[in-house]
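Undergrad: Sharing final-v7.pdb, PDB, C-alpha atoms:
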ATOM      1  CA  MET A   1       3.485   0.717  37.876
ATOM      2  CA  ALA A   2       0.422   0.453  35.590
ATOM      3  CA  ASP A   3       0.146   2.876  32.695
ATOM      4  CA  ARG A   4      -3.170   4.244  33.983
ATOM      5  CA  SER A   5      -1.448   5.677  37.035
ATOM      6  CA  LEU A   6       1.282   7.526  35.133
ATOM      7  CA  ARG A   7       1.564  11.231  35.794
ATOM      8  CA  ALA A   8       0.901  13.815  33.102
ATOM      9  CA  ASP A   9       4.659  14.468  32.845
ATOM     10  CA  ASP A  10       5.242  10.797  32.088
ATOM     11  CA  ARG A  11       2.559  10.850  29.378
ATOM     12  CA  GLU A  12       4.137  13.939  27.810
ATOM     13  CA  GLU A  13       7.518  12.209  27.770
ATOM     14  CA  GLU A  14       5.993   9.160  26.064
ATOM     15  CA  ILE A  15       4.363  11.379  23.449
ATOM     16  CA  ARG A  16       7.691  13.137  22.793
ATOM     17  CA  ARG A  17       9.431   9.751  22.490
ATOM     18  CA  TYR A  18       7.011   8.447  19.846
ATOM     19  CA  ALA A  19       5.937  11.670  18.132
ATOM     20  CA  ASP A  20       8.376  11.442  15.218
ATOM     21  CA  MET A  21       7.553   7.792  14.557
ATOM     22  CA  VAL A  22       3.790   8.434  14.505
ATOM     23  CA  TYR A  23       4.110  11.560  12.376
ATOM     24  CA  ARG A  24       6.411   9.906   9.825
ATOM     25  CA  LEU A  25       4.051   6.972   9.373
ATOM     26  CA  ALA A  26       1.025   9.282   9.154
ATOM     27  CA  PHE A  27       2.831  11.360   6.538
ATOM     28  CA  ALA A  28       3.832   8.254   4.582
ATOM     29  CA  ARG A  29       0.216   7.048   4.623
ATOM     30  CA  MET A  30      -1.463  10.374   3.871
ATOM     31  CA  GLY A  31       1.075  12.090   1.623
ATOM     32  CA  ASN A  32       0.657  15.616   2.984
ATOM     33  CA  THR A  33       1.355  17.500   6.193
ATOM     34  CA  SER A  34      -2.195  18.647   6.871
ATOM     35  CA  ASP A  35      -3.672  15.149   6.888
ATOM     36  CA  ALA A  36      -0.629  13.743   8.681
ATOM     37  CA  GLU A  37      -1.127  16.303  11.457
ATOM     38  CA  ASP A  38      -4.807  15.328  11.734
ATOM     39  CA  VAL A  39      -3.869  11.653  12.061
ATOM     40  CA  PHE A  40      -1.103  12.489  14.543
ATOM     41  CA  GLN A  41      -3.536  14.435  16.714
ATOM     42  CA  GLU A  42      -6.144  11.663  16.606
ATOM     43  CA  VAL A  43      -3.603   8.967  17.539
ATOM     44  CA  PHE A  44      -2.386  10.787  20.635
ATOM     45  CA  LEU A  45      -5.894  11.843  21.612
ATOM     46  CA  ARG A  46      -6.841   8.152  21.602
ATOM     47  CA  TYR A  47      -3.661   7.325  23.499
ATOM     48  CA  LEU A  48      -4.436   9.836  26.230
ATOM     49  CA  THR A  49      -8.138   9.055  26.545
ATOM     50  CA  ALA A  50      -7.808   5.253  26.400
ATOM     51  CA  ALA A  51      -4.730   5.192  28.667
ATOM     52  CA  PRO A  52      -4.022   1.569  27.707
ATOM     53  CA  ALA A  53      -1.744  -0.631  29.792
ATOM     54  CA  PHE A  54       1.204  -2.110  27.930
ATOM     55  CA  ALA A  55       3.297  -5.155  28.708
ATOM     56  CA  SER A  56       6.431  -3.580  27.221
ATOM     57  CA  GLU A  57       7.743  -0.684  25.150
ATOM     58  CA  GLU A  58       7.489  -2.880  22.040
ATOM     59  CA  HIS A  59       3.790  -3.387  22.819
ATOM     60  CA  ARG A  60       3.325   0.391  23.191
ATOM     61  CA  LYS A  61       5.147   1.025  19.891
ATOM     62  CA  ALA A  62       3.061  -1.610  18.064
ATOM     63  CA  TRP A  63      -0.159  -0.127  19.497
ATOM     64  CA  LEU A  64       0.777   3.375  18.344
ATOM     65  CA  LEU A  65       1.723   2.141  14.859
ATOM     66  CA  ARG A  66      -1.521   0.133  14.537
ATOM     67  CA  VAL A  67      -3.656   3.077  15.670
ATOM     68  CA  THR A  68      -1.794   5.358  13.230
ATOM     69  CA  VAL A  69      -2.544   3.000  10.342
ATOM     70  CA  ASN A  70      -6.198   2.734  11.392
ATOM     71  CA  CYS A  71      -6.646   6.492  11.810
ATOM     72  CA  ALA A  72      -5.064   7.160   8.413
ATOM     73  CA  LYS A  73      -7.322   4.545   6.826
ATOM     74  CA  LYS A  74     -10.385   6.088   8.500
ATOM     75  CA  LEU A  75      -9.454   9.614   7.390
ATOM     76  CA  ARG A  76      -8.797   8.468   3.829
ATOM     77  CA  ALA A  77     -12.225   6.760   3.708
ATOM     78  CA  ALA A  78     -14.109   9.792   5.042
ATOM     79  CA  PRO A  79     -16.913  10.788   2.624
ATOM     80  CA  TRP A  80     -15.900  14.444   2.480
ATOM     81  CA  ARG A  81     -12.448  13.460   1.125
ATOM     82  CA  HIS A  82     -14.057  12.223  -2.076
ATOM     83  CA  ARG A  83     -15.392  15.701  -2.761
ATOM     84  CA  THR A  84     -12.141  17.618  -2.313
ATOM     85  CA  GLU A  85      -9.097  18.345  -4.417
ATOM     86  CA  PRO A  86      -5.666  17.872  -2.793
ATOM     87  CA  LEU A  87      -3.322  20.837  -2.653
ATOM     88  CA  ASP A  88       0.094  20.405  -4.193
ATOM     89  CA  GLU A  89       2.649  20.484  -1.457
ATOM     90  CA  THR A  90       6.413  20.335  -1.377
ATOM     91  CA  VAL A  91       8.362  18.767   1.437
ATOM     92  CA  ALA A  92      11.039  20.890   3.013
ATOM     93  CA  ALA A  93      14.196  18.835   2.695
ATOM     94  CA  PRO A  94      17.847  19.632   3.205
ATOM     95  CA  SER A  95      18.842  18.601  -0.323
ATOM     96  CA  ARG A  96      17.409  18.440  -3.811
ATOM     97  CA  GLU A  97      18.087  14.689  -3.823
ATOM     98  CA  ASP A  98      15.754  14.210  -0.831
ATOM     99  CA  ILE A  99      13.041  16.245  -2.561
ATOM    100  CA  ASP A 100      13.406  14.172  -5.731
ATOM    101  CA  LEU A 101      13.170  10.970  -3.716
ATOM    102  CA  TRP A 102      10.015  12.160  -1.936
ATOM    103  CA  GLU A 103       8.428  13.133  -5.277
ATOM    104  CA  GLN A 104       9.075   9.623  -6.562
ATOM    105  CA  LEU A 105       7.760   8.069  -3.340
ATOM    106  CA  ARG A 106       4.534  10.069  -3.706
ATOM    107  CA  ARG A 107       3.976   8.391  -7.064
ATOM    108  CA  LEU A 108       3.827   4.995  -5.364
ATOM    109  CA  PRO A 109       0.493   3.563  -4.191
ATOM    110  CA  GLU A 110      -0.226   4.075  -0.494
ATOM    111  CA  GLN A 111       0.365   0.420   0.395
ATOM    112  CA  HIS A 112       3.836   0.561  -1.167
ATOM    113  CA  ARG A 113       4.742   3.825   0.601
ATOM    114  CA  THR A 114       3.594   2.289   3.867
ATOM    115  CA  VAL A 115       5.677  -0.891   3.649
ATOM    116  CA  LEU A 116       8.758   1.056   2.543
ATOM    117  CA  HIS A 117       8.336   3.453   5.457
ATOM    118  CA  LEU A 118       7.789   0.729   8.046
ATOM    119  CA  TYR A 119      10.757  -1.263   6.771
ATOM    120  CA  TYR A 120      13.337   1.492   6.267
ATOM    121  CA  TYR A 121      12.320   4.178   8.762
ATOM    122  CA  GLU A 122      10.757   2.180  11.585
ATOM    123  CA  GLY A 123      12.972  -0.903  11.178
ATOM    124  CA  LEU A 124      10.118  -3.402  11.301
ATOM    125  CA  SER A 125      10.553  -6.910   9.929
ATOM    126  CA  THR A 126       8.134  -8.291   7.360
ATOM    127  CA  ARG A 127       6.586 -10.426  10.102
ATOM    128  CA  GLU A 128       5.968  -7.363  12.275
ATOM    129  CA  MET A 129       4.566  -5.424   9.318
ATOM    130  CA  ALA A 130       2.216  -8.297   8.442
ATOM    131  CA  ALA A 131       0.842  -8.359  11.984
ATOM    132  CA  LEU A 132       0.526  -4.579  12.083
ATOM    133  CA  LEU A 133      -1.194  -4.261   8.700
ATOM    134  CA  GLY A 134      -3.328  -7.386   8.987
ATOM    135  CA  ARG A 135      -1.775  -8.969   5.899
ATOM    136  CA  ARG A 136       0.032 -12.229   5.238
ATOM    137  CA  GLU A 137       3.802 -12.107   5.549
ATOM    138  CA  ALA A 138       4.199 -13.227   1.931
ATOM    139  CA  THR A 139       1.939 -10.358   0.829
ATOM    140  CA  VAL A 140       4.073  -7.846   2.695
ATOM    141  CA  ARG A 141       7.280  -9.236   1.167
ATOM    142  CA  SER A 142       5.693  -9.074  -2.276
ATOM    143  CA  GLN A 143       4.554  -5.473  -1.721
ATOM    144  CA  LEU A 144       7.998  -4.518  -0.466
ATOM    145  CA  THR A 145       9.651  -6.065  -3.529
ATOM    146  CA  ARG A 146       7.207  -4.357  -5.894
ATOM    147  CA  ALA A 147       7.605  -1.035  -4.106
ATOM    148  CA  ARG A 148      11.394  -1.194  -4.393
ATOM    149  CA  GLN A 149      11.171  -2.081  -8.088
ATOM    150  CA  LYS A 150       8.693   0.704  -8.869
ATOM    151  CA  LEU A 151      10.793   3.217  -6.960
ATOM    152  CA  ARG A 152      13.917   2.030  -8.802
ATOM    153  CA  ASP A 153      12.098   2.433 -12.135
ATOM    154  CA  TYR A 154      10.867   5.919 -11.220
ATOM    155  CA  LEU A 155      14.362   6.987 -10.184
ATOM    156  CA  LYS A 156      15.824   5.676 -13.455
ATOM    157  CA  GLU A 157      13.294   7.808 -15.371
ATOM    158  CA  GLU A 158      14.788  10.879 -13.713
TER     159      GLU A 158
END
Using structure tokens, write down the structure that the file contains.
TA:
Amino acid sequence: MADRSLRADDREEEIRRYADMVYRLAFARMGNTSDAEDVFQEVFLRYLTAAPAFASEEHRKAWLLRVTVNCAKKLRAAPWRHRTEPLDETVAAPSREDIDLWEQLRRLPEQHRTVLHLYYYEGLSTREMAALLGRREATVRSQLTRARQKLRDYLKEE
């Protein structure tokens, strides 16, 4: 059955299945809930309006991750963002250790947060990340190594 002919219930189930993945990546890219929610909404709006056909679930997952990265990049580059001040925000976490980790992750550059998130939370290989982010595989490995080292250094400071 082609994706275009799926019922609304099927689309809702797909959105539920991938909602956490899209939101986590949007949050990792944007660094706050408000912008992450905007990206999340844009990704699924595009998903519903484009109604793309996918060869497999892996293809669907890759499409959603790529669109999430692109939407976050587009939102970050919006002209109005350069004239605003971000609000300080704390992440609700079950333990103080998780909060401390998130505070240290926020100190990392966006590209480092992104590769850490894709590697540890989404389970992507460096090859998959390179394809998704439009970077060379060696660049992704280098960014992942640097991100781990910076995070390690930040955690030692604590």
Undergrad: Given the file shown, determine the residues that the PyMOL selection byres ((chain A and resi 110-125) around 9) selects; report them as a compact mmCIF listing (two decimals) with C-alpha atoms, keeping the file's coordinate frame.
TA:
# COMPACT_ATOMS: atom_id res chain seq x y z
CA MET A 21 7.55 7.79 14.56
CA ARG A 24 6.41 9.91 9.82
CA LEU A 25 4.05 6.97 9.37
CA ALA A 28 3.83 8.25 4.58
CA ARG A 29 0.22 7.05 4.62
CA MET A 30 -1.46 10.37 3.87
CA GLY A 31 1.08 12.09 1.62
CA VAL A 69 -2.54 3.00 10.34
CA LEU A 105 7.76 8.07 -3.34
CA ARG A 106 4.53 10.07 -3.71
CA ARG A 107 3.98 8.39 -7.06
CA LEU A 108 3.83 5.00 -5.36
CA PRO A 109 0.49 3.56 -4.19
CA THR A 126 8.13 -8.29 7.36
CA ARG A 127 6.59 -10.43 10.10
CA GLU A 128 5.97 -7.36 12.28
CA MET A 129 4.57 -5.42 9.32
CA ALA A 130 2.22 -8.30 8.44
CA VAL A 140 4.07 -7.85 2.70
CA ARG A 141 7.28 -9.24 1.17
CA GLN A 143 4.55 -5.47 -1.72
CA LEU A 144 8.00 -4.52 -0.47
CA ARG A 146 7.21 -4.36 -5.89
CA ALA A 147 7.60 -1.03 -4.11
CA ARG A 148 11.39 -1.19 -4.39
Undergrad: Please provide the set of residues having any atom within 7 Å of region 42-46 of chain A, restricted to only C-alpha atoms, with same-chain residues fewer than 6 positions apart removed, written as an MDAnalysis selection string.
TA: chainID A and resid 67:68 71
Undergrad: Quick check on the file I pasted: which residues fall under the PyMOL selection byres ((chain A and resi 18) around 12)? Write them as a ChimeraX atom specification.
TA: /A:11-17,19-25,40,43-44,47,57-58,60-65,68,122
Undergrad: For CA of Arg76 (chain A) and CA of Gln41 (chain A), quote the distance in Å rounded to one decimal.
TA: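 Between these atoms lies a distance of 15.1 Å.
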Undergrad: One decimal, Å: what's the distance from CA of Leu151 (chain A) over to CA of Gln104 (chain A), could you say?
TA: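 Computing it gives 6.6 Å between the two atoms.
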Undergrad: Restricting the calculation to all atoms listed in the file, which member of A:Ala26, A:Asn32, A:Ala138, A:Leu48 is positioned closest to Trp102 (chain A)?
TA: A:Asn32
Undergrad: Tell me, in Å to one decimal, how far CA of Ser142 (chain A) is from CA of Thr33 (chain A).
TA: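 Atom-to-atom, CA of Ser142 (chain A) to CA of Thr33 (chain A), that is 28.2 Å.
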Undergrad: Nearest to Val39 (chain A) among A:Ala72, A:His59, A:Asp10, A:Gln149, with distances taken over all atoms listed in the file: which residue is it?
TA: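 Counting all atoms listed in the file, the residue closest to Val39 (chain A) is A:Ala72.
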Undergrad: So for region 64-69 of chain A, what box centre and size do we get, axis-aligned, 3 Å extra on each of the six sides, every listed atom, Å to one decimal, as AutoDock Vina command-line options?
TA:
--center_x -1.0 --center_y 2.7 --center_z 14.3 --size_x 11.4 --size_y 11.2 --size_z 14.0
Undergrad: Since the input has fewer atoms than a full residue there, write region 43-55 of chain A out with N, CA, C and O atoms, as a PDB file, keeping the file's coordinate frame.
TA:
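So selection13.pdb came out as:
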ATOM      1  N   VAL A  43      -4.308  10.087  16.893  1.00  0.00           N
ATOM      2  CA  VAL A  43      -3.603   8.967  17.539  1.00  0.00           C
ATOM      3  C   VAL A  43      -3.308   9.289  18.994  1.00  0.00           C
ATOM      4  O   VAL A  43      -3.601   8.488  19.893  1.00  0.00           O
ATOM      5  N   PHE A  44      -2.756  10.467  19.258  1.00  0.00           N
ATOM      6  CA  PHE A  44      -2.386  10.787  20.635  1.00  0.00           C
ATOM      7  C   PHE A  44      -3.594  11.163  21.486  1.00  0.00           C
ATOM      8  O   PHE A  44      -3.572  10.965  22.704  1.00  0.00           O
ATOM      9  N   LEU A  45      -4.651  11.632  20.866  1.00  0.00           N
ATOM     10  CA  LEU A  45      -5.894  11.843  21.612  1.00  0.00           C
ATOM     11  C   LEU A  45      -6.423  10.493  22.090  1.00  0.00           C
ATOM     12  O   LEU A  45      -6.810  10.341  23.254  1.00  0.00           O
ATOM     13  N   ARG A  46      -6.411   9.499  21.217  1.00  0.00           N
ATOM     14  CA  ARG A  46      -6.841   8.152  21.602  1.00  0.00           C
ATOM     15  C   ARG A  46      -5.913   7.573  22.672  1.00  0.00           C
ATOM     16  O   ARG A  46      -6.364   6.900  23.596  1.00  0.00           O
ATOM     17  N   TYR A  47      -4.636   7.828  22.527  1.00  0.00           N
ATOM     18  CA  TYR A  47      -3.661   7.325  23.499  1.00  0.00           C
ATOM     19  C   TYR A  47      -3.937   7.899  24.887  1.00  0.00           C
ATOM     20  O   TYR A  47      -3.931   7.177  25.877  1.00  0.00           O
ATOM     21  N   LEU A  48      -4.210   9.189  24.940  1.00  0.00           N
ATOM     22  CA  LEU A  48      -4.436   9.836  26.230  1.00  0.00           C
ATOM     23  C   LEU A  48      -5.790   9.475  26.828  1.00  0.00           C
ATOM     24  O   LEU A  48      -5.909   9.318  28.048  1.00  0.00           O
ATOM     25  N   THR A  49      -6.813   9.353  25.999  1.00  0.00           N
ATOM     26  CA  THR A  49      -8.138   9.055  26.545  1.00  0.00           C
ATOM     27  C   THR A  49      -8.288   7.580  26.903  1.00  0.00           C
ATOM     28  O   THR A  49      -8.942   7.257  27.889  1.00  0.00           O
ATOM     29  N   ALA A  50      -7.694   6.691  26.112  1.00  0.00           N
ATOM     30  CA  ALA A  50      -7.808   5.253  26.400  1.00  0.00           C
ATOM     31  C   ALA A  50      -6.883   4.844  27.541  1.00  0.00           C
ATOM     32  O   ALA A  50      -7.196   3.922  28.287  1.00  0.00           O
ATOM     33  N   ALA A  51      -5.742   5.506  27.649  1.00  0.00           N
ATOM     34  CA  ALA A  51      -4.730   5.192  28.667  1.00  0.00           C
ATOM     35  C   ALA A  51      -4.514   3.687  28.784  1.00  0.00           C
ATOM     36  O   ALA A  51      -4.650   3.109  29.853  1.00  0.00           O
ATOM     37  N   PRO A  52      -4.182   3.030  27.662  1.00  0.00           N
ATOM     38  CA  PRO A  52      -4.022   1.569  27.707  1.00  0.00           C
ATOM     39  C   PRO A  52      -2.807   1.147  28.523  1.00  0.00           C
ATOM     40  O   PRO A  52      -1.846   1.895  28.650  1.00  0.00           O
ATOM     41  N   ALA A  53      -2.881  -0.054  29.066  1.00  0.00           N
ATOM     42  CA  ALA A  53      -1.744  -0.631  29.792  1.00  0.00           C
ATOM     43  C   ALA A  53      -0.952  -1.491  28.817  1.00  0.00           C
ATOM     44  O   ALA A  53      -1.538  -2.236  28.029  1.00  0.00           O
ATOM     45  N   PHE A  54       0.354  -1.380  28.856  1.00  0.00           N
ATOM     46  CA  PHE A  54       1.204  -2.110  27.930  1.00  0.00           C
ATOM     47  C   PHE A  54       2.138  -3.031  28.695  1.00  0.00           C
ATOM     48  O   PHE A  54       2.641  -2.678  29.761  1.00  0.00           O
ATOM     49  N   ALA A  55       2.397  -4.179  28.091  1.00  0.00           N
ATOM     50  CA  ALA A  55       3.297  -5.155  28.708  1.00  0.00           C
ATOM     51  C   ALA A  55       4.752  -4.741  28.559  1.00  0.00           C
ATOM     52  O   ALA A  55       5.594  -5.095  29.372  1.00  0.00           O
TER      53      ALA A  55
END
